[in-house]
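S.K.: Here you go, this is run-v1.cif (mmCIF, C-alpha atoms).
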data_start
loop_
_atom_site.label_atom_id
_atom_site.label_comp_id
_atom_site.auth_asym_id
_atom_site.auth_seq_id
_atom_site.Cartn_x
_atom_site.Cartn_y
_atom_site.Cartn_z
CA THR A 3 105.17 101.60 79.19
CA GLU A 4 107.49 100.97 82.14
CA LYS A 5 104.56 100.83 84.59
CA LYS A 6 102.80 98.14 82.53
CA MET A 7 106.04 96.17 82.29
CA THR A 8 106.51 96.43 86.05
CA ASN A 9 102.98 95.13 86.73
CA TRP A 10 103.44 92.29 84.24
CA PHE A 11 106.85 91.41 85.70
CA TYR A 12 105.48 91.58 89.26
CA TYR A 13 102.52 89.27 88.71
CA LEU A 14 104.56 86.78 86.68
CA GLY A 15 107.19 86.71 89.43
CA LYS A 16 104.49 86.27 92.05
CA ILE A 17 103.00 83.27 90.22
CA ILE A 18 106.35 81.56 89.69
CA THR A 19 107.67 82.09 93.21
CA GLY A 20 104.31 81.15 94.72
CA PHE A 21 104.39 77.84 92.86
CA ILE A 22 107.96 77.10 94.00
CA PHE A 23 107.40 78.06 97.63
CA ARG A 24 104.20 76.04 97.91
CA ILE A 25 106.18 72.99 96.87
CA TRP A 26 109.10 73.69 99.20
CA PHE A 27 107.22 74.93 102.27
CA HIS A 28 103.96 74.13 104.00
CA ILE A 29 102.56 77.69 104.04
CA GLU A 30 99.63 78.84 106.17
CA PHE A 31 97.94 82.22 105.66
CA HIS A 32 95.62 83.83 108.19
CA GLY A 33 93.75 87.15 108.11
CA GLN A 34 94.10 88.00 104.43
CA GLU A 35 90.55 89.36 104.58
CA ASN A 36 91.91 92.24 106.69
CA GLN A 37 93.67 93.97 103.81
CA PRO A 38 92.02 97.27 102.77
CA GLN A 39 90.67 97.09 99.23
CA ASP A 40 89.68 100.69 98.46
CA ARG A 41 92.76 102.69 99.42
CA GLY A 42 96.52 102.67 99.76
CA TYR A 43 98.09 101.43 102.98
CA ILE A 44 101.37 100.39 104.59
CA LEU A 45 102.02 96.70 105.18
CA CYS A 46 104.38 96.31 108.16
CA CYS A 47 105.91 92.93 108.94
CA ASN A 48 108.68 91.50 111.10
CA HIS A 49 111.80 90.50 109.16
CA ARG A 50 113.31 87.02 109.40
CA SER A 51 114.53 86.10 105.91
CA ALA A 52 115.33 87.41 102.44
CA LEU A 53 112.26 85.42 101.37
CA ASP A 54 109.90 87.58 103.46
CA PRO A 55 108.95 90.15 100.77
CA VAL A 56 107.92 87.42 98.33
CA LEU A 57 106.08 85.27 100.86
CA ILE A 58 104.00 88.00 102.51
CA ALA A 59 102.99 89.32 99.06
CA GLN A 60 101.32 86.05 98.05
CA LYS A 61 97.88 86.87 99.51
CA ILE A 62 98.01 90.65 99.00
CA LYS A 63 95.87 91.49 95.99
CA LYS A 64 97.60 94.72 94.98
CA PRO A 65 101.29 94.87 94.00
CA ILE A 66 103.50 95.82 96.93
CA ARG A 67 106.22 98.45 96.55
CA TYR A 68 109.15 97.88 98.88
CA MET A 69 111.90 100.17 100.04
CA ALA A 70 115.20 98.37 99.36
CA LYS A 71 118.69 99.34 100.45
CA MET A 72 120.63 101.33 97.86
CA GLU A 73 123.39 98.72 97.65
CA LEU A 74 121.06 96.19 95.98
CA PHE A 75 120.52 98.53 93.03
CA GLN A 76 124.28 98.79 92.39
CA ASN A 77 124.23 95.25 91.00
CA PRO A 78 122.85 95.68 87.43
CA PHE A 79 121.12 92.29 87.34
CA VAL A 80 119.60 92.46 90.82
CA GLY A 81 118.76 96.12 90.36
CA PHE A 82 116.87 95.43 87.11
CA ILE A 83 114.80 92.66 88.73
CA ILE A 84 113.85 94.42 91.95
CA ARG A 85 113.14 97.72 90.19
CA HIS A 86 110.68 95.97 87.88
CA LEU A 87 109.17 94.27 90.91
CA GLY A 88 108.31 97.77 92.14
CA ALA A 89 111.12 98.31 94.65
CA PHE A 90 112.79 101.70 95.07
CA PRO A 91 116.10 102.58 96.73
CA VAL A 92 116.70 104.11 100.13
CA ALA A 93 120.05 105.27 101.52
CA ARG A 94 119.92 103.87 105.03
CA GLY A 95 121.07 106.06 107.90
CA LYS A 96 121.31 109.18 105.75
CA GLY A 97 117.87 110.76 106.19
CA ASP A 98 116.86 109.91 102.61
CA THR A 99 113.93 112.32 102.09
CA SER A 100 113.46 111.32 98.43
CA ALA A 101 112.68 107.74 99.51
CA ILE A 102 110.17 109.04 102.06
CA ASP A 103 108.55 111.20 99.36
CA THR A 104 108.27 108.17 97.06
CA ALA A 105 106.78 106.11 99.88
CA VAL A 106 104.20 108.77 100.73
CA GLU A 107 103.21 109.18 97.07
CA THR A 108 102.88 105.38 96.74
CA VAL A 109 100.27 105.27 99.51
CA LYS A 110 98.48 108.44 98.39
CA SER A 111 98.07 106.97 94.90
CA GLY A 112 96.18 103.98 96.33
CA ARG A 113 99.00 101.45 96.24
CA VAL A 114 100.54 99.25 98.92
CA LEU A 115 103.86 100.12 100.54
CA GLY A 116 105.74 97.25 102.18
CA LEU A 117 108.00 98.00 105.14
CA PHE A 118 110.01 95.98 107.65
CA PRO A 119 110.05 98.37 110.62
CA GLU A 120 112.93 96.56 112.35
CA GLY A 121 115.15 97.78 109.51
CA THR A 122 117.13 94.54 109.41
CA ARG A 123 116.59 90.82 109.83
CA SER A 124 116.19 89.27 113.27
CA HIS A 125 118.25 86.11 113.72
CA ASP A 126 115.84 84.54 116.20
CA ASP A 127 112.10 84.69 116.80
CA GLN A 128 112.28 87.93 118.81
CA LEU A 129 111.25 91.33 117.50
CA LEU A 130 113.92 94.00 117.27
CA ARG A 131 113.32 97.67 118.02
CA PHE A 132 111.02 99.30 115.44
CA LYS A 133 112.16 102.37 113.53
CA SER A 134 109.90 105.39 113.04
CA GLY A 135 109.53 105.34 109.24
CA ALA A 136 106.16 103.58 109.07
CA ALA A 137 104.57 106.01 111.54
CA VAL A 138 105.94 109.07 109.71
CA ILE A 139 104.83 107.81 106.29
CA ALA A 140 101.36 106.94 107.60
CA SER A 141 101.02 110.41 109.11
CA GLN A 142 102.07 112.16 105.90
CA SER A 143 100.16 109.92 103.48
CA GLY A 144 96.88 109.39 105.34
CA GLY A 145 97.26 105.62 104.94
CA ASP A 146 96.38 102.90 107.44
CA LEU A 147 98.99 100.55 108.88
CA LEU A 148 98.41 96.83 108.26
CA PRO A 149 100.46 94.76 110.76
CA ALA A 150 101.67 91.34 109.65
CA ALA A 151 103.89 88.62 111.05
CA ILE A 152 105.86 85.80 109.46
CA TRP A 153 107.14 82.75 111.33
CA TYR A 154 109.40 79.97 110.06
CA GLU A 155 109.57 76.49 111.53
CA GLY A 156 112.74 76.10 109.48
CA LYS A 157 114.01 76.31 105.91
CA LYS A 158 114.03 72.56 105.22
CA PHE A 159 111.74 70.87 102.72
CA ARG A 160 108.05 71.00 103.79
CA SER A 161 108.74 72.93 106.98
CA ARG A 162 105.94 75.25 108.10
CA VAL A 163 105.74 78.96 107.37
CA VAL A 164 102.91 80.87 109.04
CA ILE A 165 101.89 84.34 107.82
CA ARG A 166 99.30 86.40 109.69
CA TYR A 167 97.78 89.69 108.58
CA GLY A 168 96.25 91.65 111.45
CA LYS A 169 93.50 94.24 111.66
CA PRO A 170 94.47 97.60 110.14
CA ILE A 171 95.47 100.43 112.45
CA ALA A 172 93.22 103.19 111.15
CA ASN A 173 94.89 106.44 110.18
CA SER A 174 92.53 108.21 112.61
CA GLN A 175 94.55 106.53 115.40
CA ILE A 176 97.80 107.92 114.01
CA LEU A 177 97.84 111.34 115.61
CA ILE A 178 101.20 112.96 114.88
CA GLU A 179 101.43 116.75 114.90
CA GLU A 180 104.46 118.42 113.30
CA ASN A 181 106.54 115.23 113.54
CA SER A 182 106.21 115.16 117.34
CA THR A 183 108.80 112.66 118.60
CA LYS A 184 106.59 111.68 121.51
CA GLN A 185 103.57 111.00 119.30
CA ILE A 186 105.69 109.08 116.77
CA LYS A 187 106.92 106.82 119.59
CA VAL A 188 103.32 106.11 120.64
CA VAL A 189 102.38 105.00 117.11
CA VAL A 190 105.57 102.93 116.75
CA ALA A 191 104.84 101.19 120.07
CA LEU A 192 101.25 100.48 118.99
CA LEU A 193 102.42 98.97 115.69
CA ARG A 194 105.07 96.84 117.39
CA ASP A 195 102.52 95.56 119.92
CA GLU A 196 100.18 94.48 117.10
CA VAL A 197 102.95 92.60 115.27
CA GLU A 198 104.01 90.99 118.56
CA LYS A 199 100.43 89.81 119.16
CA LEU A 200 100.37 88.15 115.74
CA LEU A 201 103.64 86.36 116.52
CA GLU A 202 102.36 85.30 119.93
CA GLU A 203 99.25 83.85 118.32
CA THR A 204 101.48 81.63 116.19
CA ARG A 205 103.69 80.66 119.13
CA SER A 206 100.68 79.72 121.27
CA CYS A 207 99.40 77.45 118.48
CA GLU A 208 102.79 75.75 118.43
CA LEU A 209 102.60 74.99 122.14
CA LYS A 210 99.24 73.21 121.88
#
So that I can check it, write out the structure of this file as structure tokens.

M.R.:
Amino acid sequence: TEKKMTNWFYYLGKIITGFIFRIWFHIEFHGQENQPQDRGYILCCNHRSALDPVLIAQKIKKPIRYMAKMELFQNPFVGFIIRHLGAFPVARGKGDTSAIDTAVETVKSGRVLGLFPEGTRSHDDQLLRFKSGAAVIASQSGGDLLPAAIWYEGKKFRSRVVIRYGKPIANSQILIEENSTKQIKVVVALLRDEVEKLLEETRSCELK
């Protein structure tokens, strides 16, 4: 079946890329014990590189489904690969409710949804403004939010990459009634603060 093929393709890709990246980079992982094991959740990370989805997936036990911009699926070769890696398309800036429905169903079914709340890559080590999608999906799906942060020393051979997974933000803390804009902003701010703390932890280690 297509689902079995996707799982097979995903784990094979994870093994191959993990082997390559461990040769190229010096990768450090922290906090992988924080990932929920018995339910679906939303993994939320800052976005620095096109390599981020592959790198942050290395220590996550379940396959991660990512939202990917619609344009990537228009290339037949790229579209085939990322679709079988579990990605699904979203039309950015168009209020794509079908993508939100797919995301909610992913979490409800016990799987992991991967999001980059900044919506685009940051070109320095500073967090951009977070979008509201993660908070809305968490509210509708009943899933926890798992904050994560990725930091690159550089892209040269054997440069350091540090990935930190934080403590989950329990769904009981995500109190959003009828898509209240004010309550959504509170959850978004909480999530951004947690990702910022993970980045600061890495920065402070660098200064020592």

S.K.: Please provide as an mmCIF file with C-alpha atoms, in the coordinates of the input all residues within 9 Å of Glu179 of chain A, with the sequence filter that same-chain residues fewer than 5 positions apart are discarded (counting all atoms listed in the file).

M.R.:
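Final file, result39.cif:
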data_model
loop_
_atom_site.group_PDB
_atom_site.id
_atom_site.type_symbol
_atom_site.label_atom_id
_atom_site.label_comp_id
_atom_site.auth_asym_id
_atom_site.auth_seq_id
_atom_site.Cartn_x
_atom_site.Cartn_y
_atom_site.Cartn_z
ATOM 1 C CA SER A 141 101.020 110.410 109.110
ATOM 2 C CA GLN A 185 103.570 111.000 119.300
ATOM 3 C CA ILE A 186 105.690 109.080 116.770
#

S.K.: Of the candidates A:Gln175, A:Asn36, A:Ser111, A:Thr19, which shows the shortest atom-to-atom distance to Pro149 of chain A, using only C-alpha atoms?

M.R.: A:Asn36

S.K.: List as a PyMOL selection string the protein and nucleic acid residues near Val189 of chain A, meaning an atom at most 10 Å away when all atoms listed in the file are counted, but skip any in the same chain fewer than 6 places from it.

M.R.: chain A and resi 134+136-138+140-141+147+171+175-178+195

S.K.: Hey, which of A:Tyr154, A:Tyr43, A:Phe79, A:Phe159 ends up closest to Gly116 of chain A? Count all atoms listed in the file.

M.R.: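 Of A:Tyr154, A:Tyr43, A:Phe79, A:Phe159, the one nearest Gly116 of chain A, counting all atoms listed in the file, is A:Tyr43.
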
S.K.: Given 3 Å on each side, where is the centre and what are the edge lengths in Å to one decimal of the axis-aligned box enclosing the listed atoms of segment 147-150 of chain A, as lines of an AutoDock Vina configuration file?

M.R.:
center_x = 100.0
center_y = 95.9
center_z = 109.5
size_x = 9.3
size_y = 15.2
size_z = 8.5

S.K.: How many Å separate atom CA of Ala172 of chain A from atom CA of Asp54 of chain A?

M.R.: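 We find that atom CA of Ala172 of chain A and atom CA of Asp54 of chain A lie 24.1 Å from each other.
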
S.K.: Applying the PyMOL selection byres ((chain A and resi 123) around 7) to the file I just gave you, which residues come out? Please list them as a list in words.

M.R.: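 So the PyMOL selection byres ((chain A and resi 123) around 7), applied here, picks out His49, Arg50, Ser51, Thr122, Ser124 and His125 of chain A.
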
S.K.: Take the residues from that selection and write them out as a PDB file, in the frame of the given file, keeping C-alpha atoms.

M.R.:
ATOM      1  CA  HIS A  49     111.800  90.500 109.160  1.00  0.00           C
ATOM      2  CA  ARG A  50     113.310  87.020 109.400  1.00  0.00           C
ATOM      3  CA  SER A  51     114.530  86.100 105.910  1.00  0.00           C
ATOM      4  CA  THR A 122     117.130  94.540 109.410  1.00  0.00           C
ATOM      5  CA  SER A 124     116.190  89.270 113.270  1.00  0.00           C
ATOM      6  CA  HIS A 125     118.250  86.110 113.720  1.00  0.00           C
TER       7      HIS A 125
END

S.K.: Taking only C-alpha atoms into account, which of A:Arg85, A:Lys157, A:His28, A:Arg166 comes nearest Ile58 of chain A?

M.R.: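 Comparing A:Arg85, A:Lys157, A:His28, A:Arg166 against Ile58 of chain A, the winner is A:Arg166.
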
S.K.: Ranking A:Arg67, A:His86, A:Lys61, A:Lys184 by minimum distance to Tyr167 of chain A and counting all atoms listed in the file, which one comes first?

M.R.: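 Result for the nearest residue to Tyr167 of chain A: A:Lys61.
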
S.K.: Pick out the closest residue to Leu193 of chain A from this set: A:Gly135, A:Gly81, A:Gly156, A:Gly144. Count all atoms listed in the file.

M.R.: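 Residue with the minimum atom-to-atom distance to Leu193 of chain A: A:Gly135.
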
S.K.: To one decimal in Å, tell me the separation between atom CA of Phe132 of chain A and atom CA of Pro119 of chain A.

M.R.: 5.0 Å

S.K.: Can you tell me how far atom CA of Gly42 of chain A sits from atom CA of Gly145 of chain A, in Å to one decimal?

M.R.: 6.0 Å

S.K.: Counting all atoms listed in the file, figure out which residue out of A:Phe21, A:Trp10, A:Trp153, A:Phe90 gets nearest to Arg205 of chain A.

M.R.: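 Once distances to Arg205 of chain A are computed over all atoms listed in the file, the minimum belongs to A:Trp153.
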
S.K.: For the structure provided, state which residues fall under the PyMOL selection byres ((chain A and resi 30) around 10), and present them as a PyMOL selection string.

M.R.: chain A and resi 24+27-29+31-32+152-153+162-166

S.K.: Using the chain letters and numbering of this document, enumerate as a list in words the residues selected by the PyMOL selection byres ((chain A and resi 197) around 8).

M.R.: Cys47, Asn48, Pro149, Ala150, Ala151, Gly168, Leu193, Arg194, Asp195, Glu196, Glu198, Lys199, Leu200 and Leu201 of chain A
